[in-house]
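Chemist: Okay, so here is work26.pdb, and as you'll see once you scroll down, it has PDB, C-alpha atoms.
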```
ATOM      1  CA  MET A  17     145.424 -42.698  23.827
ATOM      2  CA  GLU A  18     145.551 -42.782  27.588
ATOM      3  CA  TYR A  19     143.326 -45.213  29.481
ATOM      4  CA  ARG A  20     141.951 -44.691  32.967
ATOM      5  CA  ARG A  21     140.174 -47.007  35.332
ATOM      6  CA  LEU A  22     136.465 -46.291  35.680
ATOM      7  CA  GLY A  23     136.217 -45.765  39.440
ATOM      8  CA  ARG A  24     137.126 -48.953  41.277
ATOM      9  CA  SER A  25     135.950 -51.204  38.468
ATOM     10  CA  GLY A  26     138.361 -53.156  36.289
ATOM     11  CA  LEU A  27     137.261 -51.225  33.210
ATOM     12  CA  GLN A  28     139.911 -49.195  31.433
ATOM     13  CA  VAL A  29     138.233 -46.422  29.490
ATOM     14  CA  SER A  30     139.904 -44.120  27.017
ATOM     15  CA  VAL A  31     140.331 -40.676  28.563
ATOM     16  CA  LEU A  32     138.576 -39.228  25.525
ATOM     17  CA  SER A  33     135.266 -40.773  24.477
ATOM     18  CA  PHE A  34     132.630 -40.199  21.837
ATOM     19  CA  GLY A  35     129.012 -39.276  22.541
ATOM     20  CA  SER A  36     125.915 -38.809  20.462
ATOM     21  CA  TRP A  37     123.794 -36.414  22.510
ATOM     22  CA  VAL A  38     122.327 -33.589  20.353
ATOM     23  CA  SER A  39     124.515 -34.464  17.359
ATOM     24  CA  PHE A  40     123.257 -37.889  16.207
ATOM     25  CA  SER A  41     120.160 -37.687  14.034
ATOM     26  CA  LYS A  42     119.704 -33.969  14.731
ATOM     27  CA  GLN A  43     122.980 -32.699  13.296
ATOM     28  CA  ILE A  44     124.592 -35.620  11.483
ATOM     29  CA  ASN A  45     123.470 -38.605   9.365
ATOM     30  CA  ASP A  46     124.571 -42.275   9.234
ATOM     31  CA  LYS A  47     127.407 -41.607   6.827
ATOM     32  CA  VAL A  48     129.007 -38.930   8.981
ATOM     33  CA  ALA A  49     128.357 -40.919  12.165
ATOM     34  CA  ASP A  50     130.092 -43.896  10.555
ATOM     35  CA  GLU A  51     133.076 -41.790   9.627
ATOM     36  CA  LEU A  52     133.354 -40.083  13.018
ATOM     37  CA  MET A  53     132.972 -43.300  14.998
ATOM     38  CA  GLY A  54     135.596 -44.903  12.761
ATOM     39  CA  ILE A  55     138.057 -42.095  13.454
ATOM     40  CA  ALA A  56     137.265 -42.288  17.168
ATOM     41  CA  TYR A  57     137.813 -46.033  17.245
ATOM     42  CA  ASP A  58     141.011 -45.870  15.184
ATOM     43  CA  ASN A  59     142.372 -43.363  17.671
ATOM     44  CA  GLY A  60     141.844 -45.704  20.596
ATOM     45  CA  ILE A  61     138.458 -44.533  21.841
ATOM     46  CA  ASN A  62     136.668 -47.465  23.481
ATOM     47  CA  PHE A  63     133.781 -45.667  25.094
ATOM     48  CA  PHE A  64     130.688 -44.526  23.237
ATOM     49  CA  ASP A  65     127.950 -42.708  25.112
ATOM     50  CA  ASN A  66     124.323 -43.010  24.126
ATOM     51  CA  ALA A  67     120.830 -43.028  25.618
ATOM     52  CA  GLU A  68     117.284 -43.957  24.842
ATOM     53  CA  VAL A  69     116.195 -40.364  25.154
ATOM     54  CA  TYR A  70     118.725 -39.004  22.694
ATOM     55  CA  ALA A  71     116.594 -38.167  19.649
ATOM     56  CA  LEU A  72     113.882 -40.506  20.990
ATOM     57  CA  GLY A  73     115.827 -43.686  20.353
ATOM     58  CA  GLU A  74     117.072 -42.641  16.901
ATOM     59  CA  SER A  75     120.525 -41.984  18.272
ATOM     60  CA  GLU A  76     120.833 -45.549  19.560
ATOM     61  CA  LYS A  77     119.538 -46.939  16.282
ATOM     62  CA  MET A  78     122.062 -44.898  14.340
ATOM     63  CA  MET A  79     124.962 -46.055  16.461
ATOM     64  CA  GLY A  80     123.644 -49.597  16.176
ATOM     65  CA  ARG A  81     123.579 -49.422  12.376
ATOM     66  CA  VAL A  82     127.105 -48.046  12.266
ATOM     67  CA  LEU A  83     128.414 -50.694  14.644
ATOM     68  CA  LYS A  84     126.749 -53.489  12.754
ATOM     69  CA  LYS A  85     128.705 -52.549   9.653
ATOM     70  CA  LYS A  86     131.904 -52.554  11.654
ATOM     71  CA  ASN A  87     131.191 -56.046  12.889
ATOM     72  CA  GLY A  88     134.387 -57.897  13.579
ATOM     73  CA  THR A  89     136.558 -54.844  13.971
ATOM     74  CA  VAL A  90     135.068 -53.289  17.074
ATOM     75  CA  HIS A  91     136.010 -55.230  20.156
ATOM     76  CA  LEU A  92     135.151 -53.101  23.084
ATOM     77  CA  ILE A  93     132.041 -51.027  23.095
ATOM     78  CA  LEU A  94     130.916 -49.344  26.218
ATOM     79  CA  PHE A  95     127.372 -48.230  25.962
ATOM     80  CA  LEU A  96     125.831 -46.064  28.544
ATOM     81  CA  PRO A  97     122.112 -45.966  27.957
ATOM     82  CA  LYS A  98     120.196 -43.846  30.382
ATOM     83  CA  HIS A  99     116.607 -44.124  31.426
ATOM     84  CA  PHE A 100     115.720 -40.503  31.115
ATOM     85  CA  GLY A 101     117.501 -37.481  29.799
ATOM     86  CA  ASP A 102     117.463 -34.038  31.209
ATOM     87  CA  GLY A 103     117.713 -32.316  27.875
ATOM     88  CA  GLY A 104     114.019 -31.605  27.659
ATOM     89  CA  GLU A 105     113.513 -34.696  25.507
ATOM     90  CA  LYS A 106     110.436 -36.859  25.845
ATOM     91  CA  ILE A 107     110.547 -40.254  27.484
ATOM     92  CA  ILE A 108     109.951 -43.233  25.253
ATOM     93  CA  ASN A 109     108.885 -45.781  27.827
ATOM     94  CA  PRO A 110     107.489 -44.090  30.898
ATOM     95  CA  ILE A 111     107.328 -47.247  32.983
ATOM     96  CA  LYS A 112     106.655 -47.385  36.690
ATOM     97  CA  PRO A 113     109.846 -47.793  38.665
ATOM     98  CA  ALA A 114     109.632 -51.294  40.109
ATOM     99  CA  ALA A 115     109.475 -53.248  36.849
ATOM    100  CA  ALA A 116     111.289 -50.718  34.735
ATOM    101  CA  VAL A 117     114.852 -51.931  34.564
ATOM    102  CA  SER A 118     114.362 -55.287  32.910
ATOM    103  CA  ILE A 119     111.696 -53.956  30.595
ATOM    104  CA  TRP A 120     114.038 -51.275  29.320
ATOM    105  CA  TRP A 121     116.962 -53.489  28.674
ATOM    106  CA  LYS A 122     115.555 -55.519  25.794
ATOM    107  CA  PRO A 123     114.353 -52.690  23.547
ATOM    108  CA  ALA A 124     117.612 -50.823  24.137
ATOM    109  CA  MET A 125     119.558 -53.879  23.013
ATOM    110  CA  LYS A 126     117.372 -54.109  19.937
ATOM    111  CA  ARG A 127     117.927 -50.496  18.998
ATOM    112  CA  CYS A 128     121.689 -50.893  19.380
ATOM    113  CA  ASN A 129     121.780 -54.080  17.309
ATOM    114  CA  GLY A 130     122.695 -56.188  20.295
ATOM    115  CA  CYS A 131     125.931 -54.378  21.113
ATOM    116  CA  ARG A 132     127.436 -54.950  24.513
ATOM    117  CA  LEU A 133     125.957 -52.765  27.181
ATOM    118  CA  ILE A 134     128.637 -52.395  29.779
ATOM    119  CA  THR A 135     127.238 -49.802  32.109
ATOM    120  CA  TRP A 136     123.692 -48.692  32.625
ATOM    121  CA  ILE A 137     123.310 -45.126  33.753
ATOM    122  CA  CYS A 138     120.364 -43.909  35.724
ATOM    123  CA  SER A 139     119.713 -40.253  35.075
ATOM    124  CA  SER A 140     118.669 -37.647  37.596
ATOM    125  CA  ALA A 141     115.343 -36.846  35.976
ATOM    126  CA  THR A 142     114.353 -40.372  36.897
ATOM    127  CA  GLY A 143     113.169 -39.402  40.359
ATOM    128  CA  PRO A 144     111.209 -42.456  41.457
ATOM    129  CA  ILE A 145     113.705 -44.988  40.179
ATOM    130  CA  LYS A 146     116.449 -43.635  42.309
ATOM    131  CA  ILE A 147     116.544 -44.436  45.963
ATOM    132  CA  ARG A 148     113.028 -45.191  47.087
ATOM    133  CA  PRO A 149     112.392 -48.309  45.011
ATOM    134  CA  LEU A 150     115.572 -49.813  46.399
ATOM    135  CA  LYS A 151     114.100 -49.562  49.863
ATOM    136  CA  LYS A 152     110.662 -50.598  48.705
ATOM    137  CA  ARG A 153     111.884 -53.679  46.959
ATOM    138  CA  TYR A 154     114.404 -54.899  49.412
ATOM    139  CA  GLY A 155     113.308 -53.090  52.549
ATOM    140  CA  PRO A 156     112.775 -54.840  55.877
TER     141      PRO A 156
ATOM    142  CA  MET B  21     120.147 -51.889  38.453
ATOM    143  CA  ASN B  22     121.271 -54.679  40.711
ATOM    144  CA  HIS B  23     119.131 -57.146  38.735
ATOM    145  CA  LEU B  24     120.645 -56.092  35.420
ATOM    146  CA  VAL B  25     124.121 -56.675  36.808
ATOM    147  CA  GLN B  26     123.247 -59.979  38.453
ATOM    148  CA  GLN B  27     121.557 -61.230  35.305
ATOM    149  CA  GLY B  28     124.713 -60.398  33.379
ATOM    150  CA  LYS B  29     122.882 -57.926  31.162
ATOM    151  CA  VAL B  30     125.311 -55.174  32.080
ATOM    152  CA  LEU B  31     128.572 -55.304  34.000
ATOM    153  CA  TYR B  32     128.214 -52.127  36.027
ATOM    154  CA  TRP B  33     125.712 -49.449  36.716
ATOM    155  CA  GLY B  34     126.099 -45.759  37.228
ATOM    156  CA  THR B  35     124.283 -42.491  37.552
ATOM    157  CA  SER B  36     123.939 -39.280  35.610
ATOM    158  CA  GLU B  37     123.595 -35.898  37.246
ATOM    159  CA  TRP B  38     122.995 -37.248  40.725
ATOM    160  CA  SER B  39     124.156 -35.251  43.710
ATOM    161  CA  GLY B  40     126.906 -36.497  45.992
ATOM    162  CA  VAL B  41     124.348 -37.177  48.713
ATOM    163  CA  GLU B  42     122.195 -39.254  46.354
ATOM    164  CA  ILE B  43     125.188 -41.301  45.222
ATOM    165  CA  MET B  44     126.144 -42.033  48.815
ATOM    166  CA  GLU B  45     122.542 -42.952  49.654
ATOM    167  CA  ALA B  46     122.675 -45.509  46.832
ATOM    168  CA  HIS B  47     125.890 -46.887  48.333
ATOM    169  CA  ARG B  48     124.325 -46.969  51.788
ATOM    170  CA  ALA B  49     121.220 -48.801  50.590
ATOM    171  CA  ALA B  50     123.263 -51.180  48.439
ATOM    172  CA  GLU B  51     125.503 -52.106  51.325
ATOM    173  CA  LYS B  52     122.611 -52.541  53.714
ATOM    174  CA  PHE B  53     120.756 -54.921  51.392
ATOM    175  CA  ARG B  54     123.894 -56.565  49.973
ATOM    176  CA  LEU B  55     123.372 -55.196  46.479
ATOM    177  CA  ILE B  56     125.786 -53.751  43.969
ATOM    178  CA  GLY B  57     126.362 -50.012  44.307
ATOM    179  CA  PRO B  58     127.017 -47.514  41.518
ATOM    180  CA  THR B  59     130.410 -47.543  39.788
ATOM    181  CA  MET B  60     130.321 -44.229  38.024
ATOM    182  CA  GLU B  61     128.582 -40.890  37.645
ATOM    183  CA  GLN B  62     128.164 -38.714  34.570
ATOM    184  CA  PRO B  63     128.352 -35.096  35.674
ATOM    185  CA  GLN B  64     128.859 -32.007  33.608
ATOM    186  CA  TYR B  65     132.413 -30.739  33.857
ATOM    187  CA  ASN B  66     134.139 -27.898  32.098
ATOM    188  CA  MET B  67     135.892 -24.641  32.973
ATOM    189  CA  PHE B  68     132.523 -23.099  33.867
ATOM    190  CA  GLU B  69     130.965 -26.022  35.771
ATOM    191  CA  ARG B  70     133.357 -27.301  38.391
ATOM    192  CA  ASP B  71     131.678 -27.681  41.745
ATOM    193  CA  LYS B  72     130.764 -31.377  41.637
ATOM    194  CA  MET B  73     134.106 -32.582  40.330
ATOM    195  CA  GLU B  74     136.250 -30.255  42.399
ATOM    196  CA  ASN B  75     134.221 -30.032  45.592
ATOM    197  CA  GLU B  76     131.082 -32.109  46.120
ATOM    198  CA  PHE B  77     132.473 -35.481  44.992
ATOM    199  CA  LEU B  78     135.948 -35.222  46.548
ATOM    200  CA  GLU B  79     135.127 -37.391  49.564
ATOM    201  CA  ILE B  80     133.340 -39.929  47.346
ATOM    202  CA  PHE B  81     136.428 -40.296  45.145
ATOM    203  CA  LYS B  82     138.462 -40.876  48.288
ATOM    204  CA  ASN B  83     136.135 -43.141  50.267
ATOM    205  CA  VAL B  84     134.168 -45.412  47.921
ATOM    206  CA  GLY B  85     135.678 -44.567  44.548
ATOM    207  CA  LEU B  86     133.736 -43.094  41.637
ATOM    208  CA  GLY B  87     134.442 -43.194  37.931
ATOM    209  CA  THR B  88     133.310 -40.143  36.000
ATOM    210  CA  THR B  89     132.326 -39.915  32.345
ATOM    211  CA  ILE B  90     132.098 -36.163  32.179
ATOM    212  CA  TRP B  91     129.851 -34.493  29.626
ATOM    213  CA  SER B  92     130.133 -31.129  27.943
ATOM    214  CA  PRO B  93     133.891 -30.582  28.328
ATOM    215  CA  LEU B  94     133.426 -27.761  25.828
ATOM    216  CA  ALA B  95     130.284 -26.314  27.450
ATOM    217  CA  SER B  96     128.222 -27.028  24.317
ATOM    218  CA  GLY B  97     130.941 -25.600  22.134
ATOM    219  CA  MET B  98     131.218 -22.376  24.121
ATOM    220  CA  LEU B  99     134.798 -23.279  25.051
ATOM    221  CA  THR B 100     135.865 -23.685  21.446
ATOM    222  CA  GLY B 101     135.577 -19.949  20.996
ATOM    223  CA  LYS B 102     133.056 -20.460  18.190
ATOM    224  CA  TYR B 103     130.517 -18.231  19.916
ATOM    225  CA  ASN B 104     132.991 -15.427  20.538
ATOM    226  CA  ASP B 105     131.406 -13.413  17.740
ATOM    227  CA  GLY B 106     127.774 -14.580  17.785
ATOM    228  CA  ILE B 107     126.005 -17.862  17.003
ATOM    229  CA  PRO B 108     127.064 -19.611  13.774
ATOM    230  CA  LYS B 109     124.495 -21.498  11.654
ATOM    231  CA  GLY B 110     124.493 -25.271  12.123
ATOM    232  CA  SER B 111     125.964 -25.071  15.628
ATOM    233  CA  ARG B 112     123.991 -26.591  18.478
ATOM    234  CA  PHE B 113     123.009 -23.213  19.877
ATOM    235  CA  ALA B 114     121.207 -22.605  16.591
ATOM    236  CA  LEU B 115     119.111 -25.793  16.919
ATOM    237  CA  GLU B 116     115.473 -25.507  17.778
ATOM    238  CA  GLY B 117     114.622 -26.939  21.184
ATOM    239  CA  PHE B 118     118.103 -26.397  22.541
ATOM    240  CA  ASP B 119     117.770 -22.685  23.238
ATOM    241  CA  TRP B 120     118.209 -23.442  26.900
ATOM    242  CA  LEU B 121     121.792 -24.342  26.139
ATOM    243  CA  LYS B 122     122.222 -20.972  24.558
ATOM    244  CA  ASP B 123     120.597 -19.145  27.454
ATOM    245  CA  ARG B 124     122.907 -20.926  29.799
ATOM    246  CA  TRP B 125     126.094 -20.203  27.986
ATOM    247  CA  VAL B 126     125.911 -17.148  25.836
ATOM    248  CA  MET B 127     126.527 -14.493  28.347
ATOM    249  CA  ASP B 128     128.805 -11.602  27.851
ATOM    250  CA  GLU B 129     130.948 -12.306  30.839
ATOM    251  CA  LYS B 130     131.589 -15.853  29.722
ATOM    252  CA  VAL B 131     132.385 -14.777  26.184
ATOM    253  CA  LYS B 132     134.911 -12.314  27.580
ATOM    254  CA  LYS B 133     136.665 -15.095  29.451
ATOM    255  CA  VAL B 134     136.655 -17.406  26.447
ATOM    256  CA  LYS B 135     138.169 -14.647  24.322
ATOM    257  CA  LYS B 136     141.061 -14.401  26.771
ATOM    258  CA  LEU B 137     141.347 -18.161  26.783
ATOM    259  CA  SER B 138     141.506 -18.136  22.990
ATOM    260  CA  GLU B 139     144.360 -15.634  23.175
ATOM    261  CA  LEU B 140     146.257 -17.996  25.468
ATOM    262  CA  ALA B 141     145.538 -20.942  23.141
ATOM    263  CA  THR B 142     146.846 -18.975  20.157
ATOM    264  CA  LYS B 143     150.019 -18.158  22.066
ATOM    265  CA  MET B 144     150.451 -21.870  22.792
ATOM    266  CA  GLY B 145     149.800 -22.689  19.149
ATOM    267  CA  VAL B 146     146.769 -24.860  19.929
ATOM    268  CA  SER B 147     143.010 -24.530  19.459
ATOM    269  CA  THR B 148     140.767 -23.249  22.253
ATOM    270  CA  ALA B 149     138.801 -26.508  22.053
ATOM    271  CA  SER B 150     141.782 -28.807  22.520
ATOM    272  CA  LEU B 151     143.027 -26.603  25.364
ATOM    273  CA  SER B 152     139.635 -26.761  27.111
ATOM    274  CA  ILE B 153     139.392 -30.548  26.774
ATOM    275  CA  ALA B 154     143.017 -30.960  27.870
ATOM    276  CA  TRP B 155     142.233 -28.888  30.959
ATOM    277  CA  CYS B 156     139.382 -31.299  31.853
ATOM    278  CA  ILE B 157     141.478 -34.445  31.588
ATOM    279  CA  LYS B 158     144.251 -32.893  33.675
ATOM    280  CA  ASN B 159     141.871 -33.602  36.549
ATOM    281  CA  LYS B 160     142.758 -37.174  37.523
ATOM    282  CA  ASN B 161     139.254 -37.782  38.858
ATOM    283  CA  VAL B 162     137.954 -37.549  35.296
ATOM    284  CA  SER B 163     137.838 -41.086  33.871
ATOM    285  CA  THR B 164     136.803 -39.959  30.415
ATOM    286  CA  ALA B 165     135.648 -36.763  28.705
ATOM    287  CA  ILE B 166     132.846 -37.243  26.181
ATOM    288  CA  LEU B 167     133.383 -35.517  22.849
ATOM    289  CA  GLY B 168     130.446 -34.433  20.705
ATOM    290  CA  ALA B 169     132.131 -33.602  17.419
ATOM    291  CA  THR B 170     129.932 -33.363  14.327
ATOM    292  CA  LYS B 171     132.736 -32.857  11.816
ATOM    293  CA  LYS B 172     135.934 -34.738  11.041
ATOM    294  CA  THR B 173     138.034 -31.618  11.514
ATOM    295  CA  GLN B 174     136.506 -31.044  14.957
ATOM    296  CA  LEU B 175     137.163 -34.608  16.036
ATOM    297  CA  PHE B 176     140.795 -34.564  14.879
ATOM    298  CA  ASP B 177     141.266 -31.278  16.687
ATOM    299  CA  ASN B 178     139.577 -32.610  19.854
ATOM    300  CA  LEU B 179     141.903 -35.619  19.842
ATOM    301  CA  LYS B 180     144.882 -33.263  20.011
ATOM    302  CA  ALA B 181     143.815 -32.588  23.597
ATOM    303  CA  LEU B 182     145.986 -35.555  24.571
ATOM    304  CA  ASP B 183     149.119 -33.716  23.431
ATOM    305  CA  VAL B 184     147.920 -30.397  24.801
ATOM    306  CA  ALA B 185     147.364 -31.983  28.226
ATOM    307  CA  ALA B 186     151.046 -32.899  28.261
ATOM    308  CA  MET B 187     151.886 -29.219  27.617
ATOM    309  CA  LEU B 188     149.850 -27.962  30.574
ATOM    310  CA  THR B 189     152.415 -27.036  33.204
ATOM    311  CA  PRO B 190     151.354 -25.762  36.654
ATOM    312  CA  ASP B 191     152.216 -22.276  35.389
ATOM    313  CA  LEU B 192     149.846 -22.552  32.455
ATOM    314  CA  LEU B 193     147.116 -24.009  34.665
ATOM    315  CA  ASP B 194     147.511 -20.993  36.965
ATOM    316  CA  LYS B 195     147.195 -18.725  33.963
ATOM    317  CA  ILE B 196     143.944 -20.441  32.944
ATOM    318  CA  GLU B 197     142.724 -20.094  36.530
ATOM    319  CA  SER B 198     143.413 -16.370  36.500
ATOM    320  CA  ILE B 199     141.380 -16.026  33.294
ATOM    321  CA  MET B 200     138.420 -18.191  34.294
ATOM    322  CA  LYS B 201     138.257 -17.509  38.057
ATOM    323  CA  THR B 202     135.791 -20.388  38.485
ATOM    324  CA  LYS B 203     137.607 -22.618  40.969
ATOM    325  CA  PRO B 204     135.213 -23.689  43.738
ATOM    326  CA  LYS B 205     136.173 -22.222  47.070
ATOM    327  CA  LEU B 206     136.768 -24.971  49.610
ATOM    328  CA  PRO B 207     136.530 -24.295  53.326
ATOM    329  CA  ASP B 208     139.871 -23.443  54.935
ATOM    330  CA  TYR B 209     139.189 -25.592  57.998
TER     331      TYR B 209
END
```
Have the structure of the file written as structure tokens, please.

Modeler:
Amino acid sequence: MEYRRLGRSGLQVSVLSFGSWVSFSKQINDKVADELMGIAYDNGINFFDNAEVYALGESEKMMGRVLKKKNGTVHLILFLPKHFGDGGEKIINPIKPAAAVSIWWKPAMKRCNGCRLITWICSSATGPIKIRPLKKRYGP
Amino acid sequence: MNHLVQQGKVLYWGTSEWSGVEIMEAHRAAEKFRLIGPTMEQPQYNMFERDKMENEFLEIFKNVGLGTTIWSPLASGMLTGKYNDGIPKGSRFALEGFDWLKDRWVMDEKVKKVKKLSELATKMGVSTASLSIAWCIKNKNVSTAILGATKKTQLFDNLKALDVAAMLTPDLLDKIESIMKTKPKLPDY
């Protein structure tokens, strides 16, 4: 496996990673997910993509269940939960922008069985959470 | 985002499907208010969708740095060649609620290109999927390409992209270019 730096951060991510969009819960079950994530991990993959909106949280729960069983063997998990998806999925917690971030974090952690969340991605469909709240919250 | 990082809940934050202008606005605001700017972006990138990675983000890579966790390296499976002869059962184009993926990708012209790509892959002795993924990671601005395999065989095949990437000489990349003809045109001045 080849590892590349994620932008200017110190994170070294595997150049191939494993994601659960569409497939988890809709196409595959826990057993297959377990097997696939095992193969991915054994081949040096250290980055697993997921999001609250993938299968309305089921995808995170599935990955969480799989990872819990692997407890002790998985060392580096990079989770990338996103606030909203753009795949036409429904939003689980449509929270107003200002308070949203901290409120989202806890339930996401719960769904993933407390795995390490390394990077939090903010998706485009998010609109209000993007730039304006930054100004609103910290503006002059 | 800044709060999550400062509270130690996450180490970095990033964006998904933001435009280059939006990413830079986040950097501008972060710098102005002494906050932490985005580390990475998750754009779509594959032989059909290239503008962000090969045009729009170029200055961002150079000036502030941007990691990319690209999604859909296989264009929802289109670039595996599996849709060359129609839509197989159990594939994601056959799933209810994801027809928009199908509408986006199943177009005759694209299928024609993928067929030619498959011919090239066969000549190289590799699968169309591993060739398509290898092509993505040849771009050094890609930090990681997200795989979406649903079967063991697919995943093992996808992982071969690492070896296929090593096979991709400038000549072969030119050949792929002449098949796809999707390279974004950059201004000459």

Chemist: Where does the PyMOL selection byres ((chain B) within 6 of (chain A)) land in this file, that is, which residues does it pick, as a VMD selection string?

Modeler: chain B and resid 30 to 38 85 to 87 163 to 168

Chemist: Looking at all atoms listed in the file, which of B:Val146, B:Gly106, B:Lys29, B:Arg112 is the one that sits closest to Lys180 in chain B?

Modeler: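 That would be B:Val146, the residue with the smallest distance to Lys180 in chain B.
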
Chemist: Rounded to one decimal place, report the CA of Asn66 in chain A-CA of Ile90 in chain B distance in Å.

Modeler: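 Spanning CA of Asn66 in chain A to CA of Ile90 in chain B is a straight-line distance of 13.1 Å.
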
Chemist: Take CA of Met79 in chain A and CA of Asp50 in chain A and report the distance between them in Å, one decimal.

Modeler: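 Answer for the CA of Met79 in chain A to CA of Asp50 in chain A separation: 8.1 Å.
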
Chemist: Do you have the CA of Lys171 in chain B-CA of Glu116 in chain B distance handy?

Modeler: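 That distance, rounded to one decimal, is 19.7 Å.
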
Chemist: Rank nothing, just name the residue among B:Ile107, B:Ser150, B:Glu79, B:Leu193 nearest to Asp119 in chain B, using all atoms listed in the file.

Modeler: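 With all atoms listed in the file as the atom set, the closest residue is B:Ile107.
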